[in-house]
Structure formats: C-alpha cells, structure tokens
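Trainee: Contents of entry.cif (mmCIF, C-alpha atoms):
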data_run
loop_
_atom_site.group_PDB
_atom_site.id
_atom_site.type_symbol
_atom_site.label_atom_id
_atom_site.label_comp_id
_atom_site.auth_asym_id
_atom_site.auth_seq_id
_atom_site.Cartn_x
_atom_site.Cartn_y
_atom_site.Cartn_z
ATOM 1 C CA MET A 1 28.192 19.853 22.992
ATOM 2 C CA SER A 2 27.825 16.284 24.225
ATOM 3 C CA ASP A 3 27.389 13.564 21.605
ATOM 4 C CA ALA A 4 25.209 11.517 23.958
ATOM 5 C CA ALA A 5 21.646 10.889 22.821
ATOM 6 C CA ASP A 6 18.458 10.976 24.874
ATOM 7 C CA PRO A 7 19.106 8.462 27.690
ATOM 8 C CA HIS A 8 15.534 7.184 27.346
ATOM 9 C CA GLY A 9 15.927 6.429 23.652
ATOM 10 C CA PRO A 10 17.361 3.232 22.121
ATOM 11 C CA TYR A 11 20.416 5.053 20.709
ATOM 12 C CA GLU A 12 23.878 5.237 22.231
ATOM 13 C CA THR A 13 24.881 8.515 20.602
ATOM 14 C CA LEU A 14 23.321 11.278 18.505
ATOM 15 C CA ARG A 15 25.340 10.042 15.545
ATOM 16 C CA HIS A 16 23.835 6.577 15.988
ATOM 17 C CA GLN A 17 20.362 8.129 16.049
ATOM 18 C CA GLU A 18 21.108 10.218 12.940
ATOM 19 C CA GLU A 19 22.455 7.220 11.001
ATOM 20 C CA THR A 20 19.462 5.096 11.960
ATOM 21 C CA THR A 21 17.079 7.827 10.770
ATOM 22 C CA ILE A 22 18.843 8.069 7.413
ATOM 23 C CA ALA A 23 18.943 4.267 7.020
ATOM 24 C CA GLY A 24 15.225 4.137 7.878
ATOM 25 C CA MET A 25 14.491 6.640 5.121
ATOM 26 C CA TRP A 26 16.485 4.563 2.626
ATOM 27 C CA LEU A 27 14.490 1.481 3.655
ATOM 28 C CA PHE A 28 11.270 3.396 3.040
ATOM 29 C CA LEU A 29 12.565 4.562 -0.367
ATOM 30 C CA ALA A 30 13.483 0.962 -1.256
ATOM 31 C CA SER A 31 9.863 -0.046 -0.596
ATOM 32 C CA GLU A 32 8.704 2.948 -2.653
ATOM 33 C CA SER A 33 10.885 1.819 -5.561
ATOM 34 C CA LEU A 34 8.973 -1.492 -5.522
ATOM 35 C CA LEU A 35 5.652 0.390 -5.592
ATOM 36 C CA PHE A 36 6.732 2.345 -8.668
ATOM 37 C CA GLY A 37 8.451 -0.805 -9.984
ATOM 38 C CA GLY A 38 5.066 -2.510 -10.354
ATOM 39 C CA LEU A 39 3.917 0.470 -12.387
ATOM 40 C CA PHE A 40 7.000 0.392 -14.606
ATOM 41 C CA LEU A 41 6.495 -3.329 -15.123
ATOM 42 C CA VAL A 42 3.078 -2.539 -16.613
ATOM 43 C CA SER A 43 4.626 -0.031 -19.015
ATOM 44 C CA LEU A 44 7.416 -2.458 -19.935
ATOM 45 C CA ILE A 45 4.907 -5.179 -20.848
ATOM 46 C CA TYR A 46 2.381 -3.072 -22.747
ATOM 47 C CA ALA A 47 4.975 -0.976 -24.570
ATOM 48 C CA HIS A 48 6.175 -4.329 -25.924
ATOM 49 C CA THR A 49 2.939 -6.272 -26.507
ATOM 50 C CA ARG A 50 0.810 -3.268 -27.634
ATOM 51 C CA ALA A 51 3.663 -1.280 -29.180
ATOM 52 C CA ASN A 52 1.681 0.603 -31.858
ATOM 53 C CA GLY A 53 -1.146 1.731 -29.595
ATOM 54 C CA TRP A 54 1.307 2.598 -26.815
ATOM 55 C CA ALA A 55 3.386 4.727 -29.223
ATOM 56 C CA ALA A 56 0.202 6.445 -30.465
ATOM 57 C CA GLY A 57 -0.468 7.446 -26.864
ATOM 58 C CA VAL A 58 3.109 8.718 -26.379
ATOM 59 C CA ARG A 59 2.767 10.900 -29.504
ATOM 60 C CA HIS A 60 -0.305 12.627 -28.010
ATOM 61 C CA THR A 61 1.454 13.769 -24.800
ATOM 62 C CA ASP A 62 2.641 17.374 -24.563
ATOM 63 C CA LEU A 63 6.435 17.241 -24.836
ATOM 64 C CA VAL A 64 6.886 20.973 -24.108
ATOM 65 C CA ILE A 65 5.055 20.837 -20.762
ATOM 66 C CA GLY A 66 6.744 17.534 -19.900
ATOM 67 C CA GLY A 67 10.192 18.955 -20.727
ATOM 68 C CA VAL A 68 9.645 22.192 -18.796
ATOM 69 C CA ASN A 69 8.397 20.203 -15.811
ATOM 70 C CA THR A 70 11.522 18.033 -15.937
ATOM 71 C CA VAL A 71 13.763 21.131 -15.851
ATOM 72 C CA ILE A 72 11.707 22.494 -12.924
ATOM 73 C CA LEU A 73 12.047 19.259 -10.959
ATOM 74 C CA ILE A 74 15.795 18.932 -11.607
ATOM 75 C CA THR A 75 16.267 22.536 -10.436
ATOM 76 C CA SER A 76 14.052 22.024 -7.398
ATOM 77 C CA SER A 77 15.997 18.924 -6.354
ATOM 78 C CA ALA A 78 19.328 20.743 -6.808
ATOM 79 C CA ILE A 79 18.111 23.711 -4.752
ATOM 80 C CA TYR A 80 16.886 21.448 -1.961
ATOM 81 C CA THR A 81 20.315 19.761 -1.905
ATOM 82 C CA LEU A 82 21.710 23.266 -1.256
ATOM 83 C CA ALA A 83 19.323 23.457 1.719
ATOM 84 C CA VAL A 84 20.745 20.172 3.055
ATOM 85 C CA GLU A 85 24.295 21.530 2.713
ATOM 86 C CA ALA A 86 23.317 24.786 4.453
ATOM 87 C CA ALA A 87 21.655 22.875 7.321
ATOM 88 C CA ARG A 88 24.800 20.788 7.788
ATOM 89 C CA GLN A 89 26.787 24.011 8.181
ATOM 90 C CA ASP A 90 24.140 25.335 10.616
ATOM 91 C CA HIS A 91 23.081 28.151 8.243
ATOM 92 C CA LYS A 92 19.429 27.841 9.199
ATOM 93 C CA ARG A 93 18.236 30.935 7.323
ATOM 94 C CA ARG A 94 19.903 29.870 4.057
ATOM 95 C CA ALA A 95 18.534 26.353 4.457
ATOM 96 C CA VAL A 96 14.973 27.591 4.918
ATOM 97 C CA GLN A 97 15.235 29.955 1.932
ATOM 98 C CA ALA A 98 16.494 27.151 -0.322
ATOM 99 C CA ALA A 99 13.864 24.717 0.972
ATOM 100 C CA MET A 100 11.064 27.224 0.327
ATOM 101 C CA THR A 101 12.332 27.867 -3.216
ATOM 102 C CA ALA A 102 12.419 24.107 -3.860
ATOM 103 C CA ALA A 103 8.842 23.740 -2.562
ATOM 104 C CA ALA A 104 7.687 26.692 -4.701
ATOM 105 C CA LEU A 105 9.158 25.026 -7.786
ATOM 106 C CA GLY A 106 7.357 21.830 -6.767
ATOM 107 C CA LEU A 107 4.086 23.771 -6.714
ATOM 108 C CA VAL A 108 4.825 25.196 -10.186
ATOM 109 C CA PHE A 109 5.362 21.607 -11.374
ATOM 110 C CA LEU A 110 1.979 20.580 -9.944
ATOM 111 C CA LEU A 111 0.224 23.588 -11.520
ATOM 112 C CA LEU A 112 1.681 22.775 -14.935
ATOM 113 C CA LYS A 113 0.660 19.143 -14.492
ATOM 114 C CA ALA A 114 -2.880 20.189 -13.601
ATOM 115 C CA PHE A 115 -2.989 22.400 -16.729
ATOM 116 C CA GLU A 116 -1.737 19.480 -18.835
ATOM 117 C CA TRP A 117 -4.377 17.164 -17.360
ATOM 118 C CA SER A 118 -7.189 19.647 -18.049
ATOM 119 C CA LYS A 119 -5.969 19.964 -21.646
ATOM 120 C CA GLU A 120 -5.998 16.179 -22.005
ATOM 121 C CA PHE A 121 -9.484 15.898 -20.520
ATOM 122 C CA LYS A 122 -10.711 18.492 -23.041
ATOM 123 C CA GLU A 123 -9.078 16.499 -25.864
ATOM 124 C CA HIS A 124 -10.910 13.343 -24.679
ATOM 125 C CA LEU A 125 -7.690 11.503 -23.904
ATOM 126 C CA PHE A 126 -9.010 10.057 -20.648
ATOM 127 C CA PRO A 127 -9.772 6.350 -21.307
ATOM 128 C CA GLY A 128 -13.495 5.719 -21.798
ATOM 129 C CA THR A 129 -16.293 5.666 -24.352
ATOM 130 C CA HIS A 130 -15.419 9.037 -25.960
ATOM 131 C CA PHE A 131 -11.685 8.364 -26.233
ATOM 132 C CA ALA A 132 -10.115 10.535 -28.966
ATOM 133 C CA ILE A 133 -7.791 7.936 -30.520
ATOM 134 C CA THR A 134 -9.735 5.495 -32.675
ATOM 135 C CA GLY A 135 -8.876 2.664 -35.031
ATOM 136 C CA ALA A 136 -6.777 -0.455 -34.604
ATOM 137 C CA ASP A 137 -4.462 1.149 -32.042
ATOM 138 C CA ALA A 138 -7.212 2.540 -29.803
ATOM 139 C CA GLY A 139 -6.915 -0.307 -27.252
ATOM 140 C CA GLY A 140 -3.172 0.129 -26.794
ATOM 141 C CA ALA A 141 -3.541 3.915 -26.609
ATOM 142 C CA GLN A 142 -6.223 3.553 -23.907
ATOM 143 C CA LEU A 143 -3.854 1.302 -21.972
ATOM 144 C CA PHE A 144 -1.150 3.942 -22.323
ATOM 145 C CA TYR A 145 -3.420 6.714 -21.041
ATOM 146 C CA SER A 146 -4.613 4.527 -18.143
ATOM 147 C CA PHE A 147 -0.953 4.146 -17.192
ATOM 148 C CA TYR A 148 -0.283 7.844 -17.828
ATOM 149 C CA PHE A 149 -3.034 9.099 -15.535
ATOM 150 C CA LEU A 150 -2.302 6.575 -12.784
ATOM 151 C CA ALA A 151 1.470 7.176 -12.864
ATOM 152 C CA THR A 152 1.238 10.978 -12.961
ATOM 153 C CA PHE A 153 -1.423 10.938 -10.212
ATOM 154 C CA LEU A 154 0.755 8.754 -7.974
ATOM 155 C CA HIS A 155 3.763 10.979 -8.670
ATOM 156 C CA ALA A 156 1.728 14.121 -7.964
ATOM 157 C CA VAL A 157 0.594 12.654 -4.612
ATOM 158 C CA HIS A 158 4.258 12.142 -3.736
ATOM 159 C CA MET A 159 4.995 15.730 -4.792
ATOM 160 C CA ILE A 160 2.215 17.028 -2.529
ATOM 161 C CA VAL A 161 3.520 14.963 0.404
ATOM 162 C CA GLY A 162 7.063 16.237 -0.305
ATOM 163 C CA THR A 163 5.893 19.855 -0.418
ATOM 164 C CA GLY A 164 4.085 19.320 2.884
ATOM 165 C CA LEU A 165 7.242 17.863 4.440
ATOM 166 C CA ILE A 166 9.285 20.861 3.280
ATOM 167 C CA ALA A 167 6.661 23.194 4.771
ATOM 168 C CA TRP A 168 6.954 21.229 8.053
ATOM 169 C CA ILE A 169 10.754 21.639 7.949
ATOM 170 C CA CYS A 170 10.401 25.403 7.484
ATOM 171 C CA LEU A 171 7.857 25.686 10.308
ATOM 172 C CA ARG A 172 10.117 23.728 12.666
ATOM 173 C CA ALA A 173 12.981 26.063 11.810
ATOM 174 C CA GLY A 174 10.881 28.916 13.198
ATOM 175 C CA LYS A 175 11.351 27.529 16.693
ATOM 176 C CA VAL A 176 14.040 29.214 18.780
ATOM 177 C CA ASN A 177 16.460 26.274 18.747
ATOM 178 C CA PRO A 178 15.431 23.472 16.406
ATOM 179 C CA GLY A 179 18.661 21.612 17.285
ATOM 180 C CA LYS A 180 20.635 18.859 15.629
ATOM 181 C CA SER A 181 17.574 16.704 14.931
ATOM 182 C CA TRP A 182 16.294 19.471 12.621
ATOM 183 C CA ASN A 183 19.399 19.090 10.421
ATOM 184 C CA THR A 184 18.689 15.350 10.153
ATOM 185 C CA SER A 185 15.058 16.081 9.261
ATOM 186 C CA VAL A 186 16.211 18.420 6.487
ATOM 187 C CA GLU A 187 18.429 15.614 5.195
ATOM 188 C CA ILE A 188 15.790 12.863 5.184
ATOM 189 C CA VAL A 189 13.219 15.139 3.532
ATOM 190 C CA GLY A 190 15.940 15.851 0.951
ATOM 191 C CA LEU A 191 16.266 12.129 0.294
ATOM 192 C CA TYR A 192 12.515 11.889 -0.261
ATOM 193 C CA TRP A 193 12.453 14.966 -2.526
ATOM 194 C CA SER A 194 15.334 13.633 -4.637
ATOM 195 C CA PHE A 195 13.569 10.260 -4.885
ATOM 196 C CA VAL A 196 10.445 11.964 -6.254
ATOM 197 C CA ASP A 197 12.727 13.693 -8.783
ATOM 198 C CA LEU A 198 14.367 10.341 -9.601
ATOM 199 C CA VAL A 199 10.984 8.705 -10.303
ATOM 200 C CA TRP A 200 10.162 11.516 -12.736
ATOM 201 C CA MET A 201 13.499 10.960 -14.539
ATOM 202 C CA ILE A 202 12.155 7.510 -15.470
ATOM 203 C CA LEU A 203 8.527 8.532 -15.981
ATOM 204 C CA PHE A 204 9.423 11.357 -18.372
ATOM 205 C CA PRO A 205 11.052 9.164 -21.067
ATOM 206 C CA VAL A 206 8.386 6.462 -20.614
ATOM 207 C CA LEU A 207 5.468 8.900 -21.005
ATOM 208 C CA TYR A 208 6.876 11.451 -23.454
ATOM 209 C CA LEU A 209 9.878 10.117 -25.369
ATOM 210 C CA VAL A 210 10.225 6.385 -26.023
ATOM 211 C CA GLY A 211 8.316 5.482 -29.182
ATOM 212 C CA ARG A 212 7.540 9.111 -30.108
ATOM 213 C CA THR A 213 9.321 9.060 -33.479
ATOM 214 C CA MET B 1 27.912 24.082 -4.036
ATOM 215 C CA GLY B 2 30.140 23.393 -7.044
ATOM 216 C CA ARG B 3 29.281 19.686 -6.956
ATOM 217 C CA ILE B 4 25.543 20.430 -6.898
ATOM 218 C CA PHE B 5 25.865 22.891 -9.786
ATOM 219 C CA LEU B 6 27.865 20.297 -11.746
ATOM 220 C CA CYS B 7 25.193 17.624 -11.154
ATOM 221 C CA TRP B 8 22.425 20.072 -12.132
ATOM 222 C CA SER B 9 24.278 21.011 -15.364
ATOM 223 C CA MET B 10 24.888 17.357 -16.222
ATOM 224 C CA LEU B 11 21.228 16.515 -15.665
ATOM 225 C CA LEU B 12 20.159 19.344 -17.995
ATOM 226 C CA LEU B 13 22.666 18.211 -20.623
ATOM 227 C CA LEU B 14 21.396 14.630 -20.395
ATOM 228 C CA LEU B 15 17.823 15.902 -20.687
ATOM 229 C CA ALA B 16 18.802 17.759 -23.870
ATOM 230 C CA GLY B 17 20.450 14.536 -25.065
ATOM 231 C CA GLU B 18 17.192 12.659 -24.457
ATOM 232 C CA ILE B 19 15.249 15.163 -26.570
ATOM 233 C CA VAL B 20 17.793 14.884 -29.416
ATOM 234 C CA ALA B 21 17.702 11.066 -29.184
ATOM 235 C CA THR B 22 13.895 11.212 -29.363
ATOM 236 C CA GLN B 23 14.015 13.172 -32.610
ATOM 237 C CA SER B 24 16.402 10.558 -34.029
ATOM 238 C CA GLY B 25 14.205 7.689 -32.809
ATOM 239 C CA LEU B 26 17.001 6.245 -30.624
ATOM 240 C CA ASP B 27 14.863 4.638 -27.920
ATOM 241 C CA ARG B 28 17.693 2.605 -26.373
ATOM 242 C CA MET B 29 19.823 5.748 -26.107
ATOM 243 C CA ILE B 30 16.953 7.511 -24.290
ATOM 244 C CA CYS B 31 16.789 4.659 -21.757
ATOM 245 C CA ALA B 32 20.583 4.750 -21.240
ATOM 246 C CA LEU B 33 20.482 8.535 -20.652
ATOM 247 C CA ALA B 34 17.588 8.121 -18.188
ATOM 248 C CA VAL B 35 19.634 5.556 -16.214
ATOM 249 C CA LEU B 36 22.568 8.012 -16.153
ATOM 250 C CA MET B 37 20.267 10.751 -14.821
ATOM 251 C CA VAL B 38 19.061 8.433 -12.059
ATOM 252 C CA LEU B 39 22.686 7.615 -11.139
ATOM 253 C CA ILE B 40 23.593 11.307 -10.953
ATOM 254 C CA ILE B 41 20.676 11.957 -8.596
ATOM 255 C CA VAL B 42 21.509 8.965 -6.382
ATOM 256 C CA ILE B 43 25.231 9.789 -6.218
ATOM 257 C CA GLY B 44 25.183 13.590 -6.473
ATOM 258 C CA PHE B 45 22.003 14.630 -4.648
ATOM 259 C CA MET B 46 21.225 11.657 -2.379
ATOM 260 C CA LYS B 47 24.928 10.995 -1.686
ATOM 261 C CA ILE B 48 24.585 7.252 -1.402
ATOM 262 C CA PHE B 49 28.334 6.702 -0.960
ATOM 263 C CA GLN B 50 28.422 8.982 2.077
ATOM 264 C CA ALA B 51 25.358 7.333 3.661
ATOM 265 C CA PRO B 52 25.630 4.874 6.578
ATOM 266 C CA SER B 53 26.456 1.310 5.492
ATOM 267 C CA LEU B 54 22.994 0.108 6.536
ATOM 268 C CA ALA B 55 21.453 2.651 4.138
ATOM 269 C CA ILE B 56 23.663 1.344 1.311
ATOM 270 C CA ILE B 57 22.523 -2.214 2.100
ATOM 271 C CA PHE B 58 18.861 -1.097 1.952
ATOM 272 C CA ALA B 59 19.440 0.700 -1.361
ATOM 273 C CA VAL B 60 21.169 -2.324 -2.915
ATOM 274 C CA ALA B 61 18.441 -4.649 -1.598
ATOM 275 C CA GLY B 62 15.767 -2.373 -3.076
ATOM 276 C CA LEU B 63 17.542 -2.402 -6.421
ATOM 277 C CA PHE B 64 17.900 -6.196 -6.275
ATOM 278 C CA TRP B 65 14.198 -6.805 -5.605
ATOM 279 C CA LEU B 66 13.253 -4.226 -8.226
ATOM 280 C CA GLY B 67 15.360 -6.204 -10.712
ATOM 281 C CA VAL B 68 13.672 -9.450 -9.676
ATOM 282 C CA LEU B 69 10.229 -7.829 -10.032
ATOM 283 C CA LEU B 70 10.936 -6.437 -13.497
ATOM 284 C CA MET B 71 12.722 -9.544 -14.814
ATOM 285 C CA LEU B 72 10.274 -12.167 -13.594
ATOM 286 C CA GLY B 73 7.274 -9.955 -14.353
ATOM 287 C CA SER B 74 8.252 -9.279 -17.951
ATOM 288 C CA LEU B 75 9.680 -12.740 -18.689
ATOM 289 C CA ASP B 76 6.512 -14.118 -20.270
ATOM 290 C CA SER B 77 5.839 -11.090 -22.490
ATOM 291 C CA PHE B 78 9.399 -10.909 -23.779
ATOM 292 C CA THR B 79 9.883 -14.615 -24.458
ATOM 293 C CA ARG B 80 6.470 -15.557 -25.893
ATOM 294 C CA THR B 81 6.654 -16.070 -29.634
ATOM 295 C CA SER B 82 2.956 -16.517 -30.402
ATOM 296 C CA PHE B 83 0.080 -14.345 -29.293
ATOM 297 C CA PHE B 84 -3.537 -15.488 -29.511
ATOM 298 C CA THR B 85 -5.866 -12.929 -30.980
ATOM 299 C CA SER B 86 -9.616 -12.714 -30.771
ATOM 300 C CA GLY B 87 -9.757 -12.931 -34.585
ATOM 301 C CA LEU B 88 -8.601 -16.541 -34.535
ATOM 302 C CA PRO B 89 -11.432 -19.117 -34.369
ATOM 303 C CA VAL B 90 -11.571 -21.007 -31.091
ATOM 304 C CA SER B 91 -11.194 -24.310 -32.976
ATOM 305 C CA HIS B 92 -7.700 -23.146 -34.053
ATOM 306 C CA TRP B 93 -6.454 -22.510 -30.506
ATOM 307 C CA PRO B 94 -3.740 -25.111 -29.764
ATOM 308 C CA TRP B 95 -5.345 -26.491 -26.612
ATOM 309 C CA GLN B 96 -8.623 -27.087 -28.513
ATOM 310 C CA SER B 97 -6.989 -29.416 -31.059
ATOM 311 C CA VAL B 98 -5.339 -31.614 -28.401
#
Re-express the file's structure as structure tokens.
Mentor:
Amino acid sequence: MSDAADPHGPYETLRHQEETTIAGMWLFLASESLLFGGLFLVSLIYAHTRANGWAAGVRHTDLVIGGVNTVILITSSAIYTLAVEAARQDHKRRAVQAAMTAAALGLVFLLLKAFEWSKEFKEHLFPGTHFAITGADAGGAQLFYSFYFLATFLHAVHMIVGTGLIAWICLRAGKVNPGKSWNTSVEIVGLYWSFVDLVWMILFPVLYLVGRT
Amino acid sequence: MGRIFLCWSMLLLLLAGEIVATQSGLDRMICALAVLMVLIIVIGFMKIFQAPSLAIIFAVAGLFWLGVLLMLGSLDSFTRTSFFTSGLPVSHWPWQSV
C-alpha cells in the first residue's frame, strides 16, 4: 500500500496526515482543559473562602453513586483503549465490539447521574428559595451545589458528545472498507473519551471527597 | 492488553486509596492520588509519550496555561488575610476611615 496521501490535500504522506489529526485533537483538548480549568478555579476559591458551607455541600452528595460511576468510567476508558489497539492491528470487528461496550458503559454512567440528579432535586438540593441546607453555611452550600450542577451538566454534555462520536465510529466501520483514516478516527475519539474520563478523575474528589470528613 | 489492564487496576487501587483517605480526612492525600490517576490516564490510555511531538507541545502548553489560570486566579483568595463581612459597619471599613 502506498504511503502517499490524497494529492489534493495539504499533506505529503498519510503518516503526516495522521500525525496532524492527532496533534489537532490534542490542541482541542488543551483548549478544553482551560474551559474546565475556569470551573476548577471557582471550586478552588470557594472551597477556601467558604470552606464550611462548601464542605456541608460535599457531605450531602451521594458517595456510593459517585464511586460506582467512577469505576464505570475508568472501565469504559480502558475498554475503549482496547478498541484503539484493535483498530491499530486492523481487527475491525474487535474494535467495534470494544467501542460499543465503552459507549454502553458511558450510557450507564449518564443514567446513574440522571438518577442522582432526580434524587437531589427531590431533596431540595438545587440552589434556590427552598434549598434544604439552612443556617450559617447555607450560602456556601448553595455555591457548592451551583458548581456541582454546572460541572456535572458540562461533563454529561461531553459524555453525550463522546457517546455520539463512538456511535459514528461504529457506523463508519459498517462500510465495506473504512480504510486507514478510520483507524485514526478511532484513535482521536479515544483521546476525547479518555479526556472526559480524566476530567471526572478531578471532579470526583472535588464533588464527593475533599472536605467530607 | 497487559498495559491497559495494569493501568485499569492501578486506577481502581488509587480510587480505593482516595476513599480510604476520605475516611481519614486526608484531603491533601486525596488530591495527590487524583493527580496520579490523571497521569496514568494521560500516559497509559492517551499515550502522550508516543504522540507526535507537536501533540506533546500542545499538551504542555495547555498544562502551562492551565497553571497560569489557576495560580493567577486564586492568588487573591489565598493571600488575602482579612475578609470584609456584611456584619461589619460601613464606618469600620478601612477605606471609609481614610
């Protein structure tokens, strides 16, 4: 097979094209880290200046659901990495199976998150006039829950986009000969999926652990 | 396959470590374990060291600007020694007495 890329494209070789695609994804992820960075800055400041109220909020989160979701996301990311490895070795069927399992685990994560949210709405933990936590720490706790809902919503949006991308990968694999570019697509979607996992690895301690005891 | 399984096992172990540290109230330990988990994902799953050099430059640049954002953004809150509260009469605010 020739290593030459599409003569109409800006790339000299397929390898050049592949490397540029991967670098482009890393650039996008760097910008994403700044988006989430702004959010983490908020938590850093309020966990320090409104420590008691913030900790009161942390104590009200459901550690069991949060922990199970973390295990699910770690497993999903690991399974998708298996899909990347399989695609590199041109085992298309194995890659698709692993990718679909990873996406299914992502959906389980989202379902559990939705259940957790509904529980919190019922317990009046959404910031507002009927907020459940009262007293001197109510302000800090409301700030915590504002952060909690915004951060988990933003993360869930990324999960939905990631699941959609995996579905797109699987649909493209259905074509007779998806070619080398398909393997690169599997890889860049893997980078995105692992990044979503990475963000949760920071969100989980911030929302469920630090300040709990 | 073995490398991925190893990373997955280490992540689960670190998660268990975070839960134990939470019960002991070791907040700094939790943060250190979270950073380790992030490193395992970046090295083990995202394979940063096998990525093209341009990708490594983008990742380092992202980390650098993230550091700048967090450091400059939190500087005031972490260095301020006095906080004004609404309970304090306006006449006692420093800029009122000048």
Trainee: Once the PyMOL selection byres ((chain B and resi 24-41) around 7) has been applied to the shown file, what residues remain in the selection, as a compact mmCIF listing (two decimals) with C-alpha atoms, in the coordinates of the input?
Mentor:
# COMPACT_ATOMS: atom_id res chain seq x y z
CA SER A 194 15.33 13.63 -4.64
CA LEU A 198 14.37 10.34 -9.60
CA MET A 201 13.50 10.96 -14.54
CA ILE A 202 12.16 7.51 -15.47
CA PRO A 205 11.05 9.16 -21.07
CA VAL A 210 10.22 6.38 -26.02
CA GLY A 211 8.32 5.48 -29.18
CA THR A 213 9.32 9.06 -33.48
CA CYS B 7 25.19 17.62 -11.15
CA LEU B 11 21.23 16.52 -15.66
CA LEU B 14 21.40 14.63 -20.40
CA GLU B 18 17.19 12.66 -24.46
CA VAL B 20 17.79 14.88 -29.42
CA ALA B 21 17.70 11.07 -29.18
CA THR B 22 13.90 11.21 -29.36
CA GLN B 23 14.02 13.17 -32.61
CA VAL B 42 21.51 8.96 -6.38
CA ILE B 43 25.23 9.79 -6.22
CA GLY B 44 25.18 13.59 -6.47
CA PHE B 45 22.00 14.63 -4.65
CA MET B 46 21.22 11.66 -2.38
Trainee: List the residues selected by the PyMOL selection byres ((chain A and resi 117) around 12) in the file shown, writing them as a PyMOL selection string.
Mentor: chain A and resi 61-62+65-66+110-116+118-126+145+148-150+152-153+156
Trainee: Put those residues in a file: C-alpha atoms, as a PDB file, keeping the file's coordinate frame.
Mentor:
ATOM      1  CA  THR A  61       1.454  13.769 -24.800  1.00  0.00           C
ATOM      2  CA  ASP A  62       2.641  17.374 -24.563  1.00  0.00           C
ATOM      3  CA  ILE A  65       5.055  20.837 -20.762  1.00  0.00           C
ATOM      4  CA  GLY A  66       6.744  17.534 -19.900  1.00  0.00           C
ATOM      5  CA  LEU A 110       1.979  20.580  -9.944  1.00  0.00           C
ATOM      6  CA  LEU A 111       0.224  23.588 -11.520  1.00  0.00           C
ATOM      7  CA  LEU A 112       1.681  22.775 -14.935  1.00  0.00           C
ATOM      8  CA  LYS A 113       0.660  19.143 -14.492  1.00  0.00           C
ATOM      9  CA  ALA A 114      -2.880  20.189 -13.601  1.00  0.00           C
ATOM     10  CA  PHE A 115      -2.989  22.400 -16.729  1.00  0.00           C
ATOM     11  CA  GLU A 116      -1.737  19.480 -18.835  1.00  0.00           C
ATOM     12  CA  SER A 118      -7.189  19.647 -18.049  1.00  0.00           C
ATOM     13  CA  LYS A 119      -5.969  19.964 -21.646  1.00  0.00           C
ATOM     14  CA  GLU A 120      -5.998  16.179 -22.005  1.00  0.00           C
ATOM     15  CA  PHE A 121      -9.484  15.898 -20.520  1.00  0.00           C
ATOM     16  CA  LYS A 122     -10.711  18.492 -23.041  1.00  0.00           C
ATOM     17  CA  GLU A 123      -9.078  16.499 -25.864  1.00  0.00           C
ATOM     18  CA  HIS A 124     -10.910  13.343 -24.679  1.00  0.00           C
ATOM     19  CA  LEU A 125      -7.690  11.503 -23.904  1.00  0.00           C
ATOM     20  CA  PHE A 126      -9.010  10.057 -20.648  1.00  0.00           C
ATOM     21  CA  TYR A 145      -3.420   6.714 -21.041  1.00  0.00           C
ATOM     22  CA  TYR A 148      -0.283   7.844 -17.828  1.00  0.00           C
ATOM     23  CA  PHE A 149      -3.034   9.099 -15.535  1.00  0.00           C
ATOM     24  CA  LEU A 150      -2.302   6.575 -12.784  1.00  0.00           C
ATOM     25  CA  THR A 152       1.238  10.978 -12.961  1.00  0.00           C
ATOM     26  CA  PHE A 153      -1.423  10.938 -10.212  1.00  0.00           C
ATOM     27  CA  ALA A 156       1.728  14.121  -7.964  1.00  0.00           C
TER      28      ALA A 156
END
Trainee: Box time for segment 10-25 of chain B: axis-aligned, enclosing all its listed atoms, 8 Å extra on each side; report centre and edge lengths in Å to one decimal, as JSON.
Mentor:
{"center_x": 19.4, "center_y": 13.5, "center_z": -24.8, "size_x": 27.0, "size_y": 27.7, "size_z": 34.4}
Trainee: Selected by the PyMOL selection byres ((chain A) within 6 of (chain B)) in the shown coordinates: which residues, as a compact mmCIF listing (two decimals) with C-alpha atoms, keeping the file's coordinate frame?
Mentor:
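That gives us out-v6.txt:
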# COMPACT_ATOMS: atom_id res chain seq x y z
CA GLU A 19 22.46 7.22 11.00
CA ALA A 23 18.94 4.27 7.02
CA TRP A 26 16.48 4.56 2.63
CA LEU A 27 14.49 1.48 3.66
CA ALA A 30 13.48 0.96 -1.26
CA LEU A 34 8.97 -1.49 -5.52
CA LEU A 41 6.50 -3.33 -15.12
CA LEU A 191 16.27 12.13 0.29
CA LEU A 198 14.37 10.34 -9.60
CA LEU A 209 9.88 10.12 -25.37
CA VAL A 210 10.22 6.38 -26.02
CA THR A 213 9.32 9.06 -33.48
Trainee: What does the distance from atom CA of Phe40 of chain A to atom CA of Val157 of chain A come to in Å, to one decimal?
Mentor: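 Going from atom CA of Phe40 of chain A over to atom CA of Val157 of chain A covers 17.1 Å.
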Trainee: Take the point (10.4, 23.6, 9.5) in the file's coordinates, draw a sphere of radius 10 Å around it, and report as a list in words every protein, DNA or RNA residue with an atom inside or on it, counting all atoms listed in the file.
Mentor: Lys92, Ala95, Val96, Ala99, Met100, Leu165, Ile166, Ala167, Trp168, Ile169, Cys170, Leu171, Arg172, Ala173, Gly174, Lys175, Pro178, Trp182, Ser185 and Val186 of chain A
Trainee: Could you save those same residues with C-alpha atoms as a JSON list (two decimals), keeping the file's coordinate frame?
Mentor:
[["chain", "number", "residue", "atom", "x", "y", "z"],
["A", 92, "LYS", "CA", 19.43, 27.84, 9.20],
["A", 95, "ALA", "CA", 18.53, 26.35, 4.46],
["A", 96, "VAL", "CA", 14.97, 27.59, 4.92],
["A", 99, "ALA", "CA", 13.86, 24.72, 0.97],
["A", 100, "MET", "CA", 11.06, 27.22, 0.33],
["A", 165, "LEU", "CA", 7.24, 17.86, 4.44],
["A", 166, "ILE", "CA", 9.28, 20.86, 3.28],
["A", 167, "ALA", "CA", 6.66, 23.19, 4.77],
["A", 168, "TRP", "CA", 6.95, 21.23, 8.05],
["A", 169, "ILE", "CA", 10.75, 21.64, 7.95],
["A", 170, "CYS", "CA", 10.40, 25.40, 7.48],
["A", 171, "LEU", "CA", 7.86, 25.69, 10.31],
["A", 172, "ARG", "CA", 10.12, 23.73, 12.67],
["A", 173, "ALA", "CA", 12.98, 26.06, 11.81],
["A", 174, "GLY", "CA", 10.88, 28.92, 13.20],
["A", 175, "LYS", "CA", 11.35, 27.53, 16.69],
["A", 178, "PRO", "CA", 15.43, 23.47, 16.41],
["A", 182, "TRP", "CA", 16.29, 19.47, 12.62],
["A", 185, "SER", "CA", 15.06, 16.08, 9.26],
["A", 186, "VAL", "CA", 16.21, 18.42, 6.49]]
Trainee: So what do you get for atom CA of Tyr192 of chain A versus atom CA of Met159 of chain A, distance-wise?
Mentor: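 Atom-to-atom, atom CA of Tyr192 of chain A and atom CA of Met159 of chain A are spaced 9.6 Å apart.
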Trainee: Would you work out the distance separating atom CA of His16 of chain A from atom CA of Ala83 of chain A, expressed in Å to one decimal?
Mentor: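 Between these atoms lies a distance of 22.6 Å.
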